[in-house]
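Text of work-v2.txt, listed as compact mmCIF, C-alpha atoms:
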```txt
# COMPACT_ATOMS: atom_id res chain seq x y z
CA MET A 1 -70.32 -7.54 -10.63
CA PRO A 2 -68.43 -8.54 -7.45
CA PRO A 3 -67.28 -5.69 -5.22
CA PHE A 4 -63.74 -4.39 -5.79
CA VAL A 5 -61.30 -5.68 -3.21
CA SER A 6 -57.95 -3.92 -2.89
CA THR A 7 -54.91 -6.13 -2.61
CA PRO A 8 -52.20 -4.92 -0.24
CA VAL A 9 -48.88 -4.20 -1.93
CA PRO A 10 -46.11 -6.31 -0.42
CA ALA A 11 -43.34 -4.42 1.32
CA TYR A 12 -40.18 -3.88 -0.70
CA ARG A 13 -37.44 -6.32 0.14
CA PRO A 14 -33.97 -5.76 -1.32
CA ARG A 15 -32.41 -8.65 -3.17
CA PRO A 16 -30.04 -10.74 -1.09
CA GLY A 17 -26.46 -9.62 -1.45
CA ARG A 18 -27.29 -6.13 -2.72
CA ARG A 19 -26.18 -3.27 -0.54
CA LYS A 20 -26.53 0.43 -0.75
CA SER A 21 -23.37 1.98 -2.14
CA ALA A 22 -21.32 3.74 0.48
CA LEU A 23 -20.39 7.35 -0.08
CA PRO A 24 -16.70 7.85 -0.85
CA ALA A 25 -14.62 8.88 2.14
CA GLU A 26 -13.32 12.43 2.13
CA ALA A 27 -9.67 12.83 1.27
CA GLY A 28 -7.36 13.68 4.16
CA PRO A 29 -5.51 17.01 4.38
CA ALA A 30 -2.24 15.61 3.01
CA VAL A 31 -4.00 13.95 0.05
CA LYS A 32 -5.73 17.24 -0.72
CA THR A 33 -2.36 19.01 -0.51
CA LEU A 34 -0.85 16.53 -2.97
CA LYS A 35 -3.63 17.02 -5.50
CA LYS A 36 -3.52 20.80 -5.11
CA TRP A 37 0.26 20.73 -5.56
CA LEU A 38 -0.07 18.77 -8.80
CA ARG A 39 -2.84 21.02 -10.12
CA GLY A 40 -0.64 24.03 -9.43
CA PHE A 41 1.94 22.75 -11.92
CA VAL A 42 -0.69 21.58 -14.41
CA GLY A 43 -2.25 25.04 -14.52
CA GLU A 44 -4.29 25.59 -17.67
CA THR A 45 -2.81 22.60 -19.49
CA SER A 46 -5.52 20.26 -20.76
CA LEU A 47 -5.95 16.80 -19.26
CA GLU A 48 -5.29 15.30 -22.67
CA ALA A 49 -1.94 17.06 -22.93
CA VAL A 50 -0.92 16.08 -19.39
CA ALA A 51 -1.98 12.47 -20.00
CA ALA A 52 0.05 12.33 -23.20
CA ALA A 53 3.13 13.78 -21.47
CA ALA A 54 2.77 11.36 -18.54
CA SER A 55 1.98 8.34 -20.77
CA TYR A 56 -1.18 7.61 -18.78
CA SER A 57 -4.86 7.68 -19.63
CA VAL A 58 -6.93 10.82 -19.20
CA SER A 59 -9.05 9.09 -16.56
CA ALA A 60 -5.97 8.13 -14.53
CA VAL A 61 -4.63 11.69 -14.62
CA SER A 62 -8.06 13.09 -13.79
CA GLY A 63 -8.28 10.82 -10.75
CA ALA A 64 -4.83 11.86 -9.58
CA LEU A 65 -5.67 15.56 -9.81
CA GLY A 66 -9.12 15.28 -8.26
CA GLY A 67 -11.27 12.84 -6.34
CA THR A 68 -10.48 11.44 -2.92
CA GLU A 69 -8.18 8.48 -3.58
CA LEU A 70 -4.41 8.53 -3.19
CA PRO A 71 -2.75 8.04 -6.61
CA ARG A 72 0.18 5.68 -7.03
CA LEU A 73 3.64 7.19 -6.72
CA ARG A 74 4.59 6.16 -10.25
CA LEU A 75 1.60 8.08 -11.60
CA VAL A 76 2.47 11.16 -9.54
CA ARG A 77 6.06 11.01 -10.75
CA SER A 78 4.96 10.71 -14.37
CA ILE A 79 2.62 13.68 -14.08
CA ALA A 80 5.30 15.70 -12.30
CA ALA A 81 7.81 14.92 -15.04
CA GLY A 82 5.28 15.80 -17.71
CA VAL A 83 4.50 19.23 -16.26
CA GLY A 84 7.99 20.14 -15.07
CA ALA A 85 7.47 19.65 -11.33
CA PRO A 86 10.54 18.68 -9.22
CA ALA A 87 10.75 14.91 -8.78
CA HIS A 88 12.09 15.01 -5.21
CA GLU A 89 9.27 17.32 -4.13
CA ALA A 90 6.71 15.07 -5.83
CA HIS A 91 7.96 12.12 -3.78
CA ARG A 92 7.97 14.15 -0.55
CA VAL A 93 4.41 15.42 -0.98
CA TRP A 94 3.17 11.98 -2.07
CA TRP A 95 4.84 10.25 0.88
CA ALA A 96 3.19 12.63 3.35
CA ALA A 97 -0.19 11.79 1.82
CA ALA A 98 0.54 8.07 1.69
CA LEU A 99 1.65 8.00 5.31
CA GLU A 100 -1.51 9.86 6.33
CA GLU A 101 -3.70 7.29 4.57
CA PHE A 102 -1.69 4.35 5.90
CA THR A 103 -1.90 5.58 9.49
CA LYS A 104 -5.63 6.18 9.16
CA HIS A 105 -6.33 2.64 7.99
CA ASN A 106 -3.66 0.83 10.03
CA PRO A 107 -3.77 1.78 13.71
CA GLY A 108 -0.86 0.58 15.78
CA LEU A 109 -1.06 -2.43 18.06
CA PRO A 110 0.97 -1.57 21.17
CA GLY A 111 2.16 -4.61 23.05
CA ASP A 112 2.37 -6.84 19.98
CA PRO A 113 5.97 -6.65 18.67
CA LEU A 114 5.30 -8.97 15.73
CA ALA A 115 2.34 -6.88 14.55
CA GLU A 116 4.37 -3.69 14.98
CA LEU A 117 7.18 -5.16 12.88
CA ALA A 118 4.68 -6.13 10.19
CA LEU A 119 3.28 -2.60 10.23
CA ASP A 120 6.74 -1.08 9.78
CA LEU A 121 7.54 -3.48 6.92
CA ARG A 122 4.34 -2.49 5.12
CA ARG A 123 5.16 1.16 5.74
CA ALA A 124 8.60 0.63 4.17
CA MET A 125 7.00 -1.00 1.13
CA LEU A 126 4.58 1.89 0.82
CA ARG A 127 7.34 4.48 0.89
CA HIS A 128 8.80 2.95 -2.27
CA ASP A 129 5.35 2.29 -3.78
CA LEU A 130 5.93 -1.46 -3.73
CA GLY A 131 3.08 -3.94 -3.79
CA LYS A 132 3.37 -7.61 -2.89
CA THR A 133 3.85 -8.59 -6.54
CA ASP A 134 6.65 -6.04 -6.93
CA VAL A 135 8.44 -7.39 -3.86
CA LEU A 136 8.02 -11.01 -4.92
CA ARG A 137 9.54 -10.23 -8.32
CA ARG A 138 12.45 -8.40 -6.75
CA MET A 139 13.10 -11.26 -4.35
CA ALA A 140 13.01 -13.77 -7.20
CA ARG A 141 15.58 -11.74 -9.15
CA LEU A 142 17.84 -11.41 -6.10
CA CYS A 143 17.69 -15.15 -5.40
CA GLU A 144 18.44 -15.92 -9.04
CA ALA A 145 21.40 -13.53 -9.01
CA ASP A 146 22.72 -15.31 -5.90
CA GLY A 147 22.58 -18.65 -7.69
CA ASP A 148 19.29 -19.70 -6.09
CA VAL A 149 21.09 -20.52 -2.84
CA THR A 150 18.09 -19.05 -1.04
CA LYS A 151 14.56 -19.87 -2.09
CA ALA A 152 12.41 -16.74 -2.17
CA MET A 153 9.44 -16.80 0.15
CA SER A 154 6.05 -17.59 -1.32
CA ARG A 155 3.21 -15.10 -1.62
CA ALA A 156 1.44 -16.88 1.25
CA THR A 157 4.49 -16.50 3.51
CA LEU A 158 4.85 -12.85 2.53
CA CYS A 159 1.20 -12.20 3.34
CA ARG A 160 1.56 -13.85 6.75
CA LEU A 161 4.68 -11.79 7.45
CA LEU A 162 2.92 -8.54 6.52
CA THR A 163 -0.09 -9.36 8.68
CA GLY A 164 2.06 -10.19 11.70
CA THR A 165 1.17 -13.87 11.91
CA THR A 166 4.51 -15.53 11.12
CA LEU A 167 8.23 -15.02 10.66
CA PRO A 168 10.09 -16.40 7.62
CA ARG A 169 13.48 -18.07 7.69
CA THR A 170 16.46 -15.80 8.32
CA ASP A 171 17.80 -16.10 4.77
CA GLN A 172 14.38 -15.26 3.33
CA MET A 173 14.03 -12.26 5.61
CA THR A 174 17.43 -11.01 4.47
CA VAL A 175 16.39 -11.22 0.81
CA PHE A 176 13.08 -9.52 1.61
CA LEU A 177 14.80 -6.55 3.25
CA ARG A 178 17.23 -6.27 0.33
CA ALA A 179 14.25 -6.17 -2.03
CA LEU A 180 12.89 -3.08 -0.27
CA SER A 181 15.95 -0.96 -1.16
CA LEU A 182 16.20 0.39 2.37
CA ARG A 183 19.02 2.38 3.89
CA ASP A 184 21.66 0.35 5.74
CA SER A 185 20.54 1.79 9.07
CA GLU A 186 16.95 0.73 8.41
CA VAL A 187 18.00 -2.78 7.42
CA GLU A 188 20.09 -3.08 10.57
CA GLN A 189 17.24 -1.89 12.78
CA LEU A 190 14.63 -4.17 11.21
CA THR A 191 17.01 -7.13 11.22
CA GLY A 192 17.65 -6.61 14.92
CA ARG A 193 13.94 -6.62 15.69
CA TYR A 194 13.43 -9.72 13.55
CA GLU A 195 16.24 -11.56 15.36
CA GLU A 196 14.81 -10.64 18.77
CA LEU A 197 11.38 -11.95 17.79
CA SER A 198 12.87 -15.12 16.31
CA ALA A 199 14.89 -15.76 19.47
CA ALA A 200 11.82 -15.21 21.65
CA ARG A 201 9.81 -17.61 19.51
CA ARG A 202 12.48 -20.32 19.68
CA LYS A 203 12.67 -19.90 23.45
CA ALA A 204 8.90 -20.22 23.76
CA LEU A 205 8.95 -23.49 21.79
CA ARG A 206 11.51 -25.15 24.06
```

I need this file expressed as structure tokens, please.
Amino acid sequence: MPPFVSTPVPAYRPRPGRRKSALPAEAGPAVKTLKKWLRGFVGETSLEAVAAAASYSVSAVSGALGGTELPRLRLVRSIAAGVGAPAHEAHRVWWAAALEEFTKHNPGLPGDPLAELALDLRRAMLRHDLGKTDVLRRMARLCEADGDVTKAMSRATLCRLLTGTTLPRTDQMTVFLRALSLRDSEVEQLTGRYEELSAARRKALR
């Protein structure tokens, strides 16, 4: 019988494209405050009862009350309404948490006015819990109500505006700001900044 020869075991190599799952980031103080505030009103009420009152799934309500992610404002409002929490306070606590998360993931870019404008526009959308699809739908309705005199900006144009890489036409910017349901003072301030940037861009192209 031939002598036994051991065969070396090849080293483990992970499959291409597979990565180790990252641990979830810890919730910030304001997000923790929001979840604690909601749980205070929920009390001993079961998740099933809260979910039924809020017209959301049990998993959605469970995620809003625990975990590390910031829940959507509409979910927070529904839970608050279902458990008798004040709506204005729900928005205030949620906005503090949302602003904390936004600031953490979107550091400012001093010296870049276009990027700063884009950041403020995204912050305004966040305050009203508006995603790109929500804004596009609102703009389409506004343009239709105006007799389609202005053509609403495309998703691509909106994305470039919100990343600070382009400026839309003046009429499109006006419709966009109307779609955000901002206060008159906010619209005036953002419009002024937009006009300054547009003028500077036209001057640079001469």

Using only C-alpha atoms, which residue out of A:Ser181, A:Ser46, A:Thr33, A:Ser55 lies closest to Arg92 of chain A?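 Counting only C-alpha atoms, the residue closest to Arg92 of chain A is A:Thr33.
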
Residues of segment 37-78 of chain A that have any atom at most 10 Å from an atom of segment 120-136 of chain A: could you tabulate them with the shortest-distance atom pair and the distance in Å to one decimal, using all atoms listed in the file, ordered by chain and increasing number, as JSON lines?
```
{"residue": "A:Arg72", "atom": "CA", "partner": "A:Asp129", "partner_atom": "CA", "distance": 7.0}
{"residue": "A:Leu73", "atom": "CA", "partner": "A:Asp129", "partner_atom": "CA", "distance": 6.0}
{"residue": "A:Arg74", "atom": "CA", "partner": "A:Asp129", "partner_atom": "CA", "distance": 7.6}
```

**Pick from A:Ser62, A:Phe102, A:Thr45, A:Arg193 nearest to Ala115 of chain A, counting all atoms listed in the file** =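 Between A:Ser62, A:Phe102, A:Thr45, A:Arg193, the residue approaching Ala115 of chain A most closely is A:Arg193.
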
Which residue of A:Val187, A:Gly82, A:Arg201, A:Trp37 approaches Ala49 of chain A most closely, using all atoms listed in the file: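 Between A:Val187, A:Gly82, A:Arg201, A:Trp37, the residue approaching Ala49 of chain A most closely is A:Gly82.
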
For atom CA of Thr174 of chain A and atom CA of Asp148 of chain A, determine how far apart the two atoms are, in Å to one decimal place.
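Taking atom CA of Thr174 of chain A and atom CA of Asp148 of chain A, their separation equals 13.8 Å.
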
Got a sec: who's within 7 Å of Ala118 of chain A, counting all atoms listed in the file, leaving out chain neighbours fewer than 4 positions off, as a PyMOL selection string? chain A and resi 114+122+161-164

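Nearest residue to Ala85 of chain A, choosing from A:Arg183, A:Arg155, A:Arg39, A:His105 and counting all atoms listed in the file: A:Arg39.
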
Start from the incomplete input, build N, CA and C atoms for segment 35-63 of chain A, and deliver everything as a compact mmCIF listing (two decimals), in the frame of the given file.
```
# COMPACT_ATOMS: atom_id res chain seq x y z
N LYS A 35 -2.87 16.74 -4.29
CA LYS A 35 -3.63 17.02 -5.50
C LYS A 35 -3.57 18.51 -5.87
N LYS A 36 -3.62 19.36 -4.86
CA LYS A 36 -3.52 20.80 -5.11
C LYS A 36 -2.14 21.15 -5.65
N TRP A 37 -1.11 20.50 -5.11
CA TRP A 37 0.26 20.73 -5.56
C TRP A 37 0.41 20.35 -7.03
N LEU A 38 -0.14 19.20 -7.40
CA LEU A 38 -0.07 18.77 -8.80
C LEU A 38 -0.83 19.73 -9.71
N ARG A 39 -2.03 20.12 -9.28
CA ARG A 39 -2.84 21.02 -10.12
C ARG A 39 -2.15 22.37 -10.30
N GLY A 40 -1.36 22.77 -9.31
CA GLY A 40 -0.64 24.03 -9.43
C GLY A 40 0.36 24.01 -10.57
N PHE A 41 0.99 22.86 -10.81
CA PHE A 41 1.94 22.75 -11.92
C PHE A 41 1.22 22.50 -13.25
N VAL A 42 0.07 21.84 -13.18
CA VAL A 42 -0.69 21.58 -14.41
C VAL A 42 -1.23 22.88 -14.97
N GLY A 43 -1.74 23.74 -14.08
CA GLY A 43 -2.25 25.04 -14.52
C GLY A 43 -3.38 24.90 -15.52
N GLU A 44 -3.25 25.59 -16.64
CA GLU A 44 -4.29 25.59 -17.67
C GLU A 44 -4.08 24.51 -18.72
N THR A 45 -3.07 23.67 -18.52
CA THR A 45 -2.81 22.60 -19.49
C THR A 45 -3.98 21.62 -19.50
N SER A 46 -4.38 21.18 -20.66
CA SER A 46 -5.52 20.26 -20.76
C SER A 46 -5.15 18.89 -20.21
N LEU A 47 -6.17 18.16 -19.76
CA LEU A 47 -5.95 16.80 -19.26
C LEU A 47 -5.35 15.91 -20.33
N GLU A 48 -5.80 16.11 -21.56
CA GLU A 48 -5.29 15.30 -22.67
C GLU A 48 -3.79 15.51 -22.85
N ALA A 49 -3.36 16.76 -22.75
CA ALA A 49 -1.94 17.06 -22.93
C ALA A 49 -1.11 16.49 -21.77
N VAL A 50 -1.63 16.62 -20.56
CA VAL A 50 -0.92 16.08 -19.39
C VAL A 50 -0.84 14.56 -19.48
N ALA A 51 -1.95 13.93 -19.87
CA ALA A 51 -1.98 12.47 -20.00
C ALA A 51 -0.98 11.99 -21.04
N ALA A 52 -0.89 12.71 -22.15
CA ALA A 52 0.05 12.33 -23.20
C ALA A 52 1.49 12.48 -22.72
N ALA A 53 1.77 13.56 -21.98
CA ALA A 53 3.13 13.78 -21.47
C ALA A 53 3.50 12.76 -20.41
N ALA A 54 2.51 12.32 -19.63
CA ALA A 54 2.77 11.36 -18.54
C ALA A 54 2.66 9.91 -19.00
N SER A 55 2.18 9.70 -20.23
CA SER A 55 1.98 8.34 -20.77
C SER A 55 0.97 7.56 -19.94
N TYR A 56 -0.07 8.25 -19.51
CA TYR A 56 -1.18 7.61 -18.78
C TYR A 56 -2.48 8.02 -19.44
N SER A 57 -3.56 7.33 -19.08
CA SER A 57 -4.86 7.68 -19.63
C SER A 57 -5.38 8.97 -19.01
N VAL A 58 -6.32 9.59 -19.71
CA VAL A 58 -6.93 10.82 -19.20
C VAL A 58 -7.65 10.55 -17.89
N SER A 59 -8.32 9.41 -17.79
CA SER A 59 -9.05 9.09 -16.56
C SER A 59 -8.11 8.91 -15.38
N ALA A 60 -6.94 8.31 -15.62
CA ALA A 60 -5.97 8.13 -14.53
C ALA A 60 -5.45 9.48 -14.05
N VAL A 61 -5.13 10.36 -14.99
CA VAL A 61 -4.63 11.69 -14.62
C VAL A 61 -5.72 12.49 -13.92
N SER A 62 -6.94 12.39 -14.41
CA SER A 62 -8.06 13.09 -13.79
C SER A 62 -8.26 12.64 -12.35
N GLY A 63 -8.14 11.34 -12.11
CA GLY A 63 -8.28 10.82 -10.75
C GLY A 63 -7.17 11.27 -9.83
```
